[in-house]
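**Q** The structure under discussion is supplied below as structure tokens; questions concerning it will follow.
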There are 2 protein chains.
Amino acid sequence: MGTVARDTRSVTAKVLAMLEAFTPATPQLTLSELARRAGISLPTAHRRAAELVEWGALERGADGRYRIGLRLWEVASLAPRGLRLRDVAMPFLEDLYEVTHENVQLAVREGLELVFVERIAGRRAVPVLTRVGGRFALHATGVGLVLLAHAPAEVQERALAAPLQAYTAKTVTEPDRLREVLAAVRRNGYAVSDGQVTLDALSVAAPIRGPGDEVIAAVSLVVRADTAAPITLAPLVQAAARGISRSLAPGRDR
Amino acid sequence: MGTVARDTRSVTAKVLAMLEAFTPATPQLTLSELARRAGISLPTAHRRAAELVEWGALERGADGRYRIGLRLWEVASLAPRGLRLRDVAMPFLEDLYEVTHENVQLAVREGLELVFVERIAGRRAVPVLTRVGGRFALHATGVGLVLLAHAPAEVQERALAAPLQAYTAKTVTEPDRLREVLAAVRRNGYAVSDGQVTLDALSVAAPIRGPGDEVIAAVSLVVRADTAAPITLAPLVQAAARGISRSLAPGRDR
């Protein structure tokens, strides 16, 4: 980024730009990296970073580099779709893990992507590409197909209009075919992604509903494709999803 | 809070004040509550909240109230002492849970308090007072005693000089007695909190060390006090703590 001739962003926007300079690939930044990524001058970055460190939104390592601070994580843990959902879901995710020893995932939709809110990784289970707080496309994974199938029509159209990446030869990237898959997800009450992210993994996902009956999250089991029988996994995942939905809306009998 | 005659805080400080207006007890706020708690005018709060919502640091519910947004949680998930520690620790915490089916906790120190970074709650285990992202005093819990025992001398003196709350009749609140407890924690390599938070719970905690061998976190098992034998739990918790320490510093043989 070169010199910004006229920066019309508000101070709030610039502070947020400093926070979003940190990414999974670059979780620690020097002051000059931070200034460059946020598009602000070095003296301004220096002054603001000091304020952010004082509050605890950023921390400074022994090497002088900046990283996200624990205080920001504490405040952010109040996000209802983050840790609150996770706290309610956790006992059900643990049960799924205990009876299968496979990968268990919990995700919500954010725009045209999903965000993993929780993940219990089976130590001897099939490797998966996910990270808590990480993002992924909607059209390939089991949780993504559930979230897309129940997204508003306008979101579905935008997702189908965008280029759909083929992660494997099995990824469904043809819009009309994907529309059929989504209809089946709504009809069946669960989604199956068989080798559509990595060829050796199969996931079965089910929708979690909020108090207003809208789908707010999805839970999945990810197992080795060659050992999997979706038909036996689906009731297990659906039961967990219903349990979580019920816990999110106490007093409602679903 | 009345009218602020002259507010010398920077915009950055005011934005952060808006974020910290949200607490575990008040995770959702109306605009006027938000303005009052952050100590800013209603029009300013309105404008800044709109910017924070646009970026995703805040979200607005159907009832118009504001809450912390998923985007802030995503960025905050990059905090090295938050989810990064948790991701490394999780397989070991799962193992502890699987072999005991008791409560498993992971905590770090922040000033004179501890923050719970992870918690696996046994469904039939003894109830515990913790929440992920929540805080607690250092002098009562097992993880707290480990973190205090290994804190810098200056932190220990400040903690011992402050009033020490008695959660039960068993909580150690006498500074000289607490000093002996902390010395024993360092000598034994683990801490035992027997009925010091709630009378029915006993916790055994061990230190997790960072790459520089400094204690950066603590892990504990919390079990029912009447069924517990600390001497049998300690090696289990210590082994998990060592496994996590080793994973945090690949290549080091501890």
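Each chain of the structure tokens is named A, B, ... in the order shown, its residues numbered from 1; ligands are numbered from 1 in display order.
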Do me a favour and pick out the residues of chain B within 8 Å of chain A, using only C-alpha atoms, as a PyMOL selection string.
**A** chain B and resi 11-13+15-16+19-20+22-24+27+48+51-52+55+67-70+72-83+90-91+98+120-121+123+132-134
**Q** Could the residues in this selection be written to a file with C-alpha atoms, as a PDB file, in the first residue's frame?
**A**
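For reference, part15.pdb as written:
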ATOM      1  CA  VAL B  11     -11.496   8.044  20.327  1.00  0.00           C
ATOM      2  CA  THR B  12      -9.693   4.720  20.644  1.00  0.00           C
ATOM      3  CA  ALA B  13     -10.365   4.693  24.394  1.00  0.00           C
ATOM      4  CA  VAL B  15     -14.393   2.687  21.250  1.00  0.00           C
ATOM      5  CA  LEU B  16     -12.821   0.269  23.737  1.00  0.00           C
ATOM      6  CA  LEU B  19     -16.747  -2.910  23.904  1.00  0.00           C
ATOM      7  CA  GLU B  20     -16.166  -3.308  27.625  1.00  0.00           C
ATOM      8  CA  PHE B  22     -20.669  -5.699  27.569  1.00  0.00           C
ATOM      9  CA  THR B  23     -20.188  -8.063  30.521  1.00  0.00           C
ATOM     10  CA  PRO B  24     -21.232 -11.623  31.362  1.00  0.00           C
ATOM     11  CA  PRO B  27     -24.242  -9.365  27.233  1.00  0.00           C
ATOM     12  CA  ARG B  48     -19.972   4.574  16.509  1.00  0.00           C
ATOM     13  CA  GLU B  51     -19.601   1.552  12.442  1.00  0.00           C
ATOM     14  CA  LEU B  52     -18.977  -1.321  14.848  1.00  0.00           C
ATOM     15  CA  TRP B  55     -17.498  -4.158  10.649  1.00  0.00           C
ATOM     16  CA  ARG B  67     -24.301  -7.571  21.499  1.00  0.00           C
ATOM     17  CA  ILE B  68     -20.728  -8.607  20.700  1.00  0.00           C
ATOM     18  CA  GLY B  69     -20.399  -9.739  17.074  1.00  0.00           C
ATOM     19  CA  LEU B  70     -18.973 -12.906  15.623  1.00  0.00           C
ATOM     20  CA  LEU B  72     -14.749  -9.677  16.833  1.00  0.00           C
ATOM     21  CA  TRP B  73     -14.759 -13.220  18.181  1.00  0.00           C
ATOM     22  CA  GLU B  74     -13.010 -14.411  15.012  1.00  0.00           C
ATOM     23  CA  VAL B  75     -10.233 -11.826  15.351  1.00  0.00           C
ATOM     24  CA  ALA B  76      -9.965 -12.396  19.103  1.00  0.00           C
ATOM     25  CA  SER B  77      -9.601 -16.132  18.500  1.00  0.00           C
ATOM     26  CA  LEU B  78      -6.065 -15.290  17.328  1.00  0.00           C
ATOM     27  CA  ALA B  79      -5.003 -14.337  20.885  1.00  0.00           C
ATOM     28  CA  PRO B  80      -2.039 -16.630  21.597  1.00  0.00           C
ATOM     29  CA  ARG B  81      -3.069 -17.063  25.242  1.00  0.00           C
ATOM     30  CA  GLY B  82      -6.686 -17.745  24.250  1.00  0.00           C
ATOM     31  CA  LEU B  83      -7.631 -20.189  21.533  1.00  0.00           C
ATOM     32  CA  MET B  90      -7.485 -29.698  23.853  1.00  0.00           C
ATOM     33  CA  PRO B  91      -6.376 -33.272  23.041  1.00  0.00           C
ATOM     34  CA  GLU B  98     -12.247 -39.485  29.008  1.00  0.00           C
ATOM     35  CA  ILE B 120     -14.945 -29.551  29.866  1.00  0.00           C
ATOM     36  CA  ALA B 121     -17.797 -30.117  32.276  1.00  0.00           C
ATOM     37  CA  ARG B 123     -22.393 -33.934  33.021  1.00  0.00           C
ATOM     38  CA  VAL B 132     -15.009 -19.957  29.544  1.00  0.00           C
ATOM     39  CA  GLY B 133     -13.783 -16.351  29.353  1.00  0.00           C
ATOM     40  CA  GLY B 134     -14.820 -15.842  32.991  1.00  0.00           C
TER      41      GLY B 134
END
**Q** What does the structure give for the distance between atom CA of Glu118 of chain A and atom CA of Pro152 of chain A, in Å to one decimal?
**A**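 If I compute the distance from atom CA of Glu118 of chain A to atom CA of Pro152 of chain A, I get 23.8 Å.
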**Q** Atom CA of Ala151 of chain B and atom CA of Gly212 of chain B, how far apart in Å?
**A**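 Distance reported for this atom pair: 14.3 Å.
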**Q** In terms of the shortest atom-to-atom distance over only C-alpha atoms, which of A:Val185, A:Val219, A:Ala149, A:Ala35 is closest to Leu106 of chain A?
**A**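 Nearest to Leu106 of chain A: A:Val219.
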**Q** For the structure I just gave you, how does DSSP split segment 16-204 of chain A - specifically, which residues are helix (DSSP H, G or I)? Reply as a ChimeraX atom specification.
**A** /A:16-20,31-38,42-55,70-76,80-100,142-149,153-161,175-188
**Q** Per DSSP on the backbone, filter segment 66-237 of chain A down to the residues in strand (DSSP E or B) and report them as JSON, numbers by chain.
**A** {"A": [66, 67, 68, 103, 104, 105, 106, 107, 108, 109, 110, 113, 114, 115, 116, 117, 118, 119, 120, 135, 136, 137, 191, 192, 193, 194, 201, 202, 203, 204, 205, 206, 207, 208, 209, 215, 216, 217, 218, 219, 220, 221, 222, 223, 224]}
